[in-house]
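A quick write-up on the structure given underneath.
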Amino acid sequence: MRRRLALYGGGLVLLAIGAFPAGLDALDALKPSGEIFATPPKLVPKVVTLDNFRRLFVETSFLTYFANSVLVSLATVGLTLSVSRAGAYALTRFVFAGRERVAASSS
């Protein structure tokens, strides 16, 4: 029981550490521009606005950039899978010098 509690507690700590920057970004997205760069910085916005999202979609080519990123990501995954599949096939079907060494180093 203690071990499980410690594991869940550690997981929650790691989740909080990992999610903190994304949370700050989300809060900053809801602040007016002047409030984002204010000194000292405020964690929670005084005034919530969606103007930053309007500007993102109206004044930039965000959707084009996002589509390009998705395309590159999918192409990278597809290329990686096809090369990996060919390598895995070679490791399981053919006998060659160094085969065991290569198979042992990948696991």
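Naming scheme: A, B, ... for chains in displayed order of the structure tokens; residues 1 onward per chain; ligands 1 onward as shown.
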
Could you pull out the alpha helix (DSSP H) residues of chain A from DSSP and send them as a PDB file with N, CA and C atoms, in the first residue's frame?
```
ATOM      1  N   ARG A   2       1.898   1.263   0.821  1.00  0.00           N
ATOM      2  CA  ARG A   2       2.792   2.433   0.866  1.00  0.00           C
ATOM      3  C   ARG A   2       3.527   2.610  -0.452  1.00  0.00           C
ATOM      4  N   ARG A   3       3.940   1.488  -1.012  1.00  0.00           N
ATOM      5  CA  ARG A   3       4.661   1.558  -2.286  1.00  0.00           C
ATOM      6  C   ARG A   3       3.767   2.152  -3.371  1.00  0.00           C
ATOM      7  N   ARG A   4       2.522   1.700  -3.419  1.00  0.00           N
ATOM      8  CA  ARG A   4       1.581   2.221  -4.408  1.00  0.00           C
ATOM      9  C   ARG A   4       1.333   3.708  -4.196  1.00  0.00           C
ATOM     10  N   LEU A   5       1.179   4.092  -2.938  1.00  0.00           N
ATOM     11  CA  LEU A   5       0.972   5.499  -2.616  1.00  0.00           C
ATOM     12  C   LEU A   5       2.180   6.343  -3.035  1.00  0.00           C
ATOM     13  N   ALA A   6       3.383   5.814  -2.784  1.00  0.00           N
ATOM     14  CA  ALA A   6       4.604   6.528  -3.171  1.00  0.00           C
ATOM     15  C   ALA A   6       4.702   6.640  -4.692  1.00  0.00           C
ATOM     16  N   LEU A   7       4.343   5.575  -5.407  1.00  0.00           N
ATOM     17  CA  LEU A   7       4.391   5.615  -6.872  1.00  0.00           C
ATOM     18  C   LEU A   7       3.390   6.618  -7.433  1.00  0.00           C
ATOM     19  N   TYR A   8       2.167   6.606  -6.912  1.00  0.00           N
ATOM     20  CA  TYR A   8       1.170   7.573  -7.372  1.00  0.00           C
ATOM     21  C   TYR A   8       1.577   8.994  -7.006  1.00  0.00           C
ATOM     22  N   GLY A   9       2.124   9.167  -5.814  1.00  0.00           N
ATOM     23  CA  GLY A   9       2.588  10.491  -5.408  1.00  0.00           C
ATOM     24  C   GLY A   9       3.710  10.990  -6.307  1.00  0.00           C
ATOM     25  N   GLY A  10       4.668  10.105  -6.607  1.00  0.00           N
ATOM     26  CA  GLY A  10       5.751  10.471  -7.521  1.00  0.00           C
ATOM     27  C   GLY A  10       5.240  10.787  -8.906  1.00  0.00           C
ATOM     28  N   GLY A  11       4.265  10.006  -9.361  1.00  0.00           N
ATOM     29  CA  GLY A  11       3.668  10.266 -10.669  1.00  0.00           C
ATOM     30  C   GLY A  11       2.968  11.610 -10.716  1.00  0.00           C
ATOM     31  N   LEU A  12       2.273  11.949  -9.647  1.00  0.00           N
ATOM     32  CA  LEU A  12       1.603  13.248  -9.596  1.00  0.00           C
ATOM     33  C   LEU A  12       2.605  14.399  -9.586  1.00  0.00           C
ATOM     34  N   VAL A  13       3.712  14.214  -8.881  1.00  0.00           N
ATOM     35  CA  VAL A  13       4.757  15.252  -8.865  1.00  0.00           C
ATOM     36  C   VAL A  13       5.326  15.436 -10.269  1.00  0.00           C
ATOM     37  N   LEU A  14       5.625  14.329 -10.956  1.00  0.00           N
ATOM     38  CA  LEU A  14       6.156  14.421 -12.319  1.00  0.00           C
ATOM     39  C   LEU A  14       5.130  15.038 -13.272  1.00  0.00           C
ATOM     40  N   LEU A  15       3.861  14.699 -13.085  1.00  0.00           N
ATOM     41  CA  LEU A  15       2.820  15.295 -13.907  1.00  0.00           C
ATOM     42  C   LEU A  15       2.743  16.796 -13.689  1.00  0.00           C
ATOM     43  N   ALA A  16       2.817  17.221 -12.443  1.00  0.00           N
ATOM     44  CA  ALA A  16       2.759  18.654 -12.141  1.00  0.00           C
ATOM     45  C   ALA A  16       3.955  19.386 -12.749  1.00  0.00           C
ATOM     46  N   ILE A  17       5.140  18.796 -12.640  1.00  0.00           N
ATOM     47  CA  ILE A  17       6.340  19.414 -13.207  1.00  0.00           C
ATOM     48  C   ILE A  17       6.222  19.504 -14.733  1.00  0.00           C
ATOM     49  N   GLY A  18       5.723  18.453 -15.362  1.00  0.00           N
ATOM     50  CA  GLY A  18       5.602  18.444 -16.818  1.00  0.00           C
ATOM     51  C   GLY A  18       4.490  19.342 -17.328  1.00  0.00           C
ATOM     52  N   ALA A  19       3.403  19.456 -16.569  1.00  0.00           N
ATOM     53  CA  ALA A  19       2.253  20.233 -17.023  1.00  0.00           C
ATOM     54  C   ALA A  19       2.378  21.717 -16.693  1.00  0.00           C
ATOM     55  N   PHE A  20       3.280  22.085 -15.796  1.00  0.00           N
ATOM     56  CA  PHE A  20       3.401  23.473 -15.367  1.00  0.00           C
ATOM     57  C   PHE A  20       3.668  24.436 -16.526  1.00  0.00           C
ATOM     58  N   PRO A  21       4.642  24.160 -17.403  1.00  0.00           N
ATOM     59  CA  PRO A  21       4.873  25.083 -18.531  1.00  0.00           C
ATOM     60  C   PRO A  21       3.660  25.207 -19.461  1.00  0.00           C
ATOM     61  N   ALA A  22       2.965  24.102 -19.703  1.00  0.00           N
ATOM     62  CA  ALA A  22       1.784  24.166 -20.569  1.00  0.00           C
ATOM     63  C   ALA A  22       0.682  24.986 -19.903  1.00  0.00           C
ATOM     64  N   GLY A  23       0.559  24.860 -18.597  1.00  0.00           N
ATOM     65  CA  GLY A  23      -0.422  25.659 -17.871  1.00  0.00           C
ATOM     66  C   GLY A  23      -0.107  27.140 -17.939  1.00  0.00           C
ATOM     67  N   LEU A  24       1.176  27.483 -17.791  1.00  0.00           N
ATOM     68  CA  LEU A  24       1.576  28.887 -17.902  1.00  0.00           C
ATOM     69  C   LEU A  24       1.298  29.425 -19.300  1.00  0.00           C
ATOM     70  N   ASP A  25       1.562  28.614 -20.306  1.00  0.00           N
ATOM     71  CA  ASP A  25       1.280  29.037 -21.680  1.00  0.00           C
ATOM     72  C   ASP A  25      -0.216  29.271 -21.884  1.00  0.00           C
ATOM     73  N   ALA A  26      -1.032  28.390 -21.338  1.00  0.00           N
ATOM     74  CA  ALA A  26      -2.482  28.545 -21.475  1.00  0.00           C
ATOM     75  C   ALA A  26      -2.960  29.821 -20.781  1.00  0.00           C
ATOM     76  N   LEU A  27      -2.413  30.099 -19.601  1.00  0.00           N
ATOM     77  CA  LEU A  27      -2.786  31.323 -18.897  1.00  0.00           C
ATOM     78  C   LEU A  27      -2.309  32.564 -19.657  1.00  0.00           C
ATOM     79  N   ASP A  28      -1.100  32.493 -20.210  1.00  0.00           N
ATOM     80  CA  ASP A  28      -0.581  33.630 -20.982  1.00  0.00           C
ATOM     81  C   ASP A  28      -1.414  33.878 -22.240  1.00  0.00           C
ATOM     82  N   ALA A  29      -1.936  32.822 -22.843  1.00  0.00           N
ATOM     83  CA  ALA A  29      -2.751  32.982 -24.049  1.00  0.00           C
ATOM     84  C   ALA A  29      -4.039  33.740 -23.760  1.00  0.00           C
ATOM     85  N   SER A  33      -1.927  41.541 -24.250  1.00  0.00           N
ATOM     86  CA  SER A  33      -0.490  41.656 -24.522  1.00  0.00           C
ATOM     87  C   SER A  33       0.253  42.433 -23.449  1.00  0.00           C
ATOM     88  N   GLY A  34      -0.309  43.532 -22.984  1.00  0.00           N
ATOM     89  CA  GLY A  34       0.362  44.335 -21.963  1.00  0.00           C
ATOM     90  C   GLY A  34       0.556  43.591 -20.663  1.00  0.00           C
ATOM     91  N   GLU A  35      -0.350  42.713 -20.352  1.00  0.00           N
ATOM     92  CA  GLU A  35      -0.268  41.972 -19.090  1.00  0.00           C
ATOM     93  C   GLU A  35       0.740  40.826 -19.173  1.00  0.00           C
ATOM     94  N   ILE A  36       0.997  40.320 -20.371  1.00  0.00           N
ATOM     95  CA  ILE A  36       1.955  39.213 -20.522  1.00  0.00           C
ATOM     96  C   ILE A  36       3.356  39.674 -20.143  1.00  0.00           C
ATOM     97  N   ASP A  51      -8.512  37.596 -27.651  1.00  0.00           N
ATOM     98  CA  ASP A  51      -7.963  38.380 -28.751  1.00  0.00           C
ATOM     99  C   ASP A  51      -6.690  37.757 -29.312  1.00  0.00           C
ATOM    100  N   ASN A  52      -5.889  37.129 -28.452  1.00  0.00           N
ATOM    101  CA  ASN A  52      -4.653  36.497 -28.938  1.00  0.00           C
ATOM    102  C   ASN A  52      -4.961  35.378 -29.925  1.00  0.00           C
ATOM    103  N   PHE A  53      -6.035  34.635 -29.687  1.00  0.00           N
ATOM    104  CA  PHE A  53      -6.419  33.568 -30.613  1.00  0.00           C
ATOM    105  C   PHE A  53      -6.949  34.156 -31.920  1.00  0.00           C
ATOM    106  N   ARG A  54      -7.707  35.244 -31.841  1.00  0.00           N
ATOM    107  CA  ARG A  54      -8.193  35.903 -33.049  1.00  0.00           C
ATOM    108  C   ARG A  54      -7.013  36.367 -33.893  1.00  0.00           C
ATOM    109  N   ARG A  55      -6.044  37.014 -33.235  1.00  0.00           N
ATOM    110  CA  ARG A  55      -4.866  37.490 -33.969  1.00  0.00           C
ATOM    111  C   ARG A  55      -4.077  36.325 -34.571  1.00  0.00           C
ATOM    112  N   LEU A  56      -4.002  35.207 -33.859  1.00  0.00           N
ATOM    113  CA  LEU A  56      -3.280  34.042 -34.364  1.00  0.00           C
ATOM    114  C   LEU A  56      -3.853  33.567 -35.692  1.00  0.00           C
ATOM    115  N   PHE A  57      -5.166  33.468 -35.763  1.00  0.00           N
ATOM    116  CA  PHE A  57      -5.790  32.934 -36.971  1.00  0.00           C
ATOM    117  C   PHE A  57      -5.981  33.983 -38.063  1.00  0.00           C
ATOM    118  N   VAL A  58      -6.148  35.247 -37.698  1.00  0.00           N
ATOM    119  CA  VAL A  58      -6.420  36.288 -38.693  1.00  0.00           C
ATOM    120  C   VAL A  58      -5.131  36.897 -39.234  1.00  0.00           C
ATOM    121  N   GLU A  59      -4.170  37.181 -38.376  1.00  0.00           N
ATOM    122  CA  GLU A  59      -2.984  37.934 -38.788  1.00  0.00           C
ATOM    123  C   GLU A  59      -1.780  37.070 -39.153  1.00  0.00           C
ATOM    124  N   PHE A  62      -1.106  30.627 -39.518  1.00  0.00           N
ATOM    125  CA  PHE A  62      -0.969  29.532 -38.563  1.00  0.00           C
ATOM    126  C   PHE A  62      -1.443  28.202 -39.130  1.00  0.00           C
ATOM    127  N   LEU A  63      -2.587  28.185 -39.789  1.00  0.00           N
ATOM    128  CA  LEU A  63      -3.117  26.923 -40.289  1.00  0.00           C
ATOM    129  C   LEU A  63      -2.196  26.300 -41.339  1.00  0.00           C
ATOM    130  N   THR A  64      -1.565  27.136 -42.152  1.00  0.00           N
ATOM    131  CA  THR A  64      -0.599  26.629 -43.127  1.00  0.00           C
ATOM    132  C   THR A  64       0.612  26.041 -42.419  1.00  0.00           C
ATOM    133  N   TYR A  65       1.128  26.756 -41.432  1.00  0.00           N
ATOM    134  CA  TYR A  65       2.282  26.270 -40.675  1.00  0.00           C
ATOM    135  C   TYR A  65       1.944  24.973 -39.941  1.00  0.00           C
ATOM    136  N   PHE A  66       0.754  24.912 -39.360  1.00  0.00           N
ATOM    137  CA  PHE A  66       0.338  23.713 -38.639  1.00  0.00           C
ATOM    138  C   PHE A  66       0.196  22.527 -39.592  1.00  0.00           C
ATOM    139  N   ALA A  67      -0.407  22.761 -40.755  1.00  0.00           N
ATOM    140  CA  ALA A  67      -0.557  21.692 -41.750  1.00  0.00           C
ATOM    141  C   ALA A  67       0.806  21.197 -42.216  1.00  0.00           C
ATOM    142  N   ASN A  68       1.749  22.117 -42.418  1.00  0.00           N
ATOM    143  CA  ASN A  68       3.103  21.714 -42.805  1.00  0.00           C
ATOM    144  C   ASN A  68       3.750  20.858 -41.727  1.00  0.00           C
ATOM    145  N   SER A  69       3.578  21.228 -40.473  1.00  0.00           N
ATOM    146  CA  SER A  69       4.152  20.468 -39.368  1.00  0.00           C
ATOM    147  C   SER A  69       3.555  19.070 -39.294  1.00  0.00           C
ATOM    148  N   VAL A  70       2.241  18.970 -39.482  1.00  0.00           N
ATOM    149  CA  VAL A  70       1.582  17.663 -39.461  1.00  0.00           C
ATOM    150  C   VAL A  70       2.086  16.810 -40.617  1.00  0.00           C
ATOM    151  N   LEU A  71       2.217  17.392 -41.784  1.00  0.00           N
ATOM    152  CA  LEU A  71       2.699  16.661 -42.960  1.00  0.00           C
ATOM    153  C   LEU A  71       4.118  16.135 -42.740  1.00  0.00           C
ATOM    154  N   VAL A  72       5.002  16.980 -42.237  1.00  0.00           N
ATOM    155  CA  VAL A  72       6.378  16.557 -41.983  1.00  0.00           C
ATOM    156  C   VAL A  72       6.419  15.459 -40.917  1.00  0.00           C
ATOM    157  N   SER A  73       5.608  15.602 -39.878  1.00  0.00           N
ATOM    158  CA  SER A  73       5.567  14.596 -38.819  1.00  0.00           C
ATOM    159  C   SER A  73       5.092  13.254 -39.361  1.00  0.00           C
ATOM    160  N   LEU A  74       4.027  13.271 -40.138  1.00  0.00           N
ATOM    161  CA  LEU A  74       3.507  12.018 -40.695  1.00  0.00           C
ATOM    162  C   LEU A  74       4.505  11.381 -41.660  1.00  0.00           C
ATOM    163  N   ALA A  75       5.166  12.195 -42.465  1.00  0.00           N
ATOM    164  CA  ALA A  75       6.173  11.658 -43.388  1.00  0.00           C
ATOM    165  C   ALA A  75       7.341  11.047 -42.619  1.00  0.00           C
ATOM    166  N   THR A  76       7.749  11.694 -41.533  1.00  0.00           N
ATOM    167  CA  THR A  76       8.845  11.177 -40.721  1.00  0.00           C
ATOM    168  C   THR A  76       8.464   9.847 -40.075  1.00  0.00           C
ATOM    169  N   VAL A  77       7.271   9.778 -39.538  1.00  0.00           N
ATOM    170  CA  VAL A  77       6.813   8.529 -38.922  1.00  0.00           C
ATOM    171  C   VAL A  77       6.716   7.430 -39.971  1.00  0.00           C
ATOM    172  N   GLY A  78       6.160   7.734 -41.129  1.00  0.00           N
ATOM    173  CA  GLY A  78       6.045   6.731 -42.188  1.00  0.00           C
ATOM    174  C   GLY A  78       7.396   6.224 -42.654  1.00  0.00           C
ATOM    175  N   LEU A  79       8.340   7.125 -42.859  1.00  0.00           N
ATOM    176  CA  LEU A  79       9.675   6.727 -43.284  1.00  0.00           C
ATOM    177  C   LEU A  79      10.365   5.889 -42.209  1.00  0.00           C
ATOM    178  N   THR A  80      10.245   6.306 -40.962  1.00  0.00           N
ATOM    179  CA  THR A  80      10.857   5.567 -39.858  1.00  0.00           C
ATOM    180  C   THR A  80      10.270   4.163 -39.751  1.00  0.00           C
ATOM    181  N   LEU A  81       8.952   4.047 -39.865  1.00  0.00           N
ATOM    182  CA  LEU A  81       8.321   2.735 -39.780  1.00  0.00           C
ATOM    183  C   LEU A  81       8.732   1.828 -40.930  1.00  0.00           C
ATOM    184  N   SER A  82       8.823   2.362 -42.138  1.00  0.00           N
ATOM    185  CA  SER A  82       9.189   1.509 -43.264  1.00  0.00           C
ATOM    186  C   SER A  82      10.640   1.055 -43.176  1.00  0.00           C
ATOM    187  N   VAL A  83      11.540   1.924 -42.769  1.00  0.00           N
ATOM    188  CA  VAL A  83      12.941   1.525 -42.614  1.00  0.00           C
ATOM    189  C   VAL A  83      13.083   0.529 -41.464  1.00  0.00           C
ATOM    190  N   SER A  84      12.380   0.788 -40.360  1.00  0.00           N
ATOM    191  CA  SER A  84      12.446  -0.116 -39.206  1.00  0.00           C
ATOM    192  C   SER A  84      11.867  -1.484 -39.545  1.00  0.00           C
ATOM    193  N   ARG A  85      10.778  -1.478 -40.304  1.00  0.00           N
ATOM    194  CA  ARG A  85      10.157  -2.751 -40.688  1.00  0.00           C
ATOM    195  C   ARG A  85      11.106  -3.568 -41.557  1.00  0.00           C
ATOM    196  N   ALA A  86      11.786  -2.903 -42.477  1.00  0.00           N
ATOM    197  CA  ALA A  86      12.745  -3.616 -43.326  1.00  0.00           C
ATOM    198  C   ALA A  86      13.899  -4.173 -42.496  1.00  0.00           C
ATOM    199  N   GLY A  87      14.380  -3.393 -41.541  1.00  0.00           N
ATOM    200  CA  GLY A  87      15.454  -3.873 -40.671  1.00  0.00           C
ATOM    201  C   GLY A  87      15.015  -5.026 -39.792  1.00  0.00           C
ATOM    202  N   ALA A  88      13.801  -4.951 -39.256  1.00  0.00           N
ATOM    203  CA  ALA A  88      13.290  -6.037 -38.422  1.00  0.00           C
ATOM    204  C   ALA A  88      13.114  -7.313 -39.242  1.00  0.00           C
ATOM    205  N   TYR A  89      12.643  -7.169 -40.466  1.00  0.00           N
ATOM    206  CA  TYR A  89      12.496  -8.332 -41.336  1.00  0.00           C
ATOM    207  C   TYR A  89      13.853  -8.986 -41.590  1.00  0.00           C
ATOM    208  N   ALA A  90      14.854  -8.164 -41.875  1.00  0.00           N
ATOM    209  CA  ALA A  90      16.195  -8.705 -42.125  1.00  0.00           C
ATOM    210  C   ALA A  90      16.745  -9.408 -40.894  1.00  0.00           C
ATOM    211  N   LEU A  91      16.506  -8.849 -39.721  1.00  0.00           N
ATOM    212  CA  LEU A  91      17.007  -9.479 -38.491  1.00  0.00           C
ATOM    213  C   LEU A  91      16.329 -10.813 -38.205  1.00  0.00           C
ATOM    214  N   THR A  92      15.064 -10.958 -38.569  1.00  0.00           N
ATOM    215  CA  THR A  92      14.356 -12.205 -38.254  1.00  0.00           C
ATOM    216  C   THR A  92      14.490 -13.262 -39.339  1.00  0.00           C
ATOM    217  N   ARG A  93      14.755 -12.877 -40.574  1.00  0.00           N
ATOM    218  CA  ARG A  93      14.747 -13.845 -41.678  1.00  0.00           C
ATOM    219  C   ARG A  93      16.110 -14.276 -42.176  1.00  0.00           C
ATOM    220  N   ARG A  99      24.634 -10.455 -36.607  1.00  0.00           N
ATOM    221  CA  ARG A  99      23.185 -10.381 -36.420  1.00  0.00           C
ATOM    222  C   ARG A  99      22.800 -10.370 -34.939  1.00  0.00           C
ATOM    223  N   GLU A 100      23.374 -11.265 -34.177  1.00  0.00           N
ATOM    224  CA  GLU A 100      23.034 -11.348 -32.749  1.00  0.00           C
ATOM    225  C   GLU A 100      23.459 -10.080 -32.004  1.00  0.00           C
ATOM    226  N   ARG A 101      24.577  -9.537 -32.392  1.00  0.00           N
ATOM    227  CA  ARG A 101      25.054  -8.309 -31.755  1.00  0.00           C
ATOM    228  C   ARG A 101      24.108  -7.131 -32.028  1.00  0.00           C
ATOM    229  N   VAL A 102      23.657  -7.026 -33.271  1.00  0.00           N
ATOM    230  CA  VAL A 102      22.725  -5.963 -33.641  1.00  0.00           C
ATOM    231  C   VAL A 102      21.394  -6.156 -32.911  1.00  0.00           C
ATOM    232  N   ALA A 103      20.897  -7.378 -32.887  1.00  0.00           N
ATOM    233  CA  ALA A 103      19.611  -7.649 -32.236  1.00  0.00           C
ATOM    234  C   ALA A 103      19.706  -7.418 -30.735  1.00  0.00           C
ATOM    235  N   ALA A 104      20.809  -7.745 -30.125  1.00  0.00           N
ATOM    236  CA  ALA A 104      20.972  -7.559 -28.674  1.00  0.00           C
ATOM    237  C   ALA A 104      21.105  -6.091 -28.320  1.00  0.00           C
ATOM    238  N   SER A 105      21.706  -5.275 -29.180  1.00  0.00           N
ATOM    239  CA  SER A 105      21.912  -3.857 -28.847  1.00  0.00           C
ATOM    240  C   SER A 105      20.643  -3.046 -29.008  1.00  0.00           C
TER     241      SER A 105
END
```
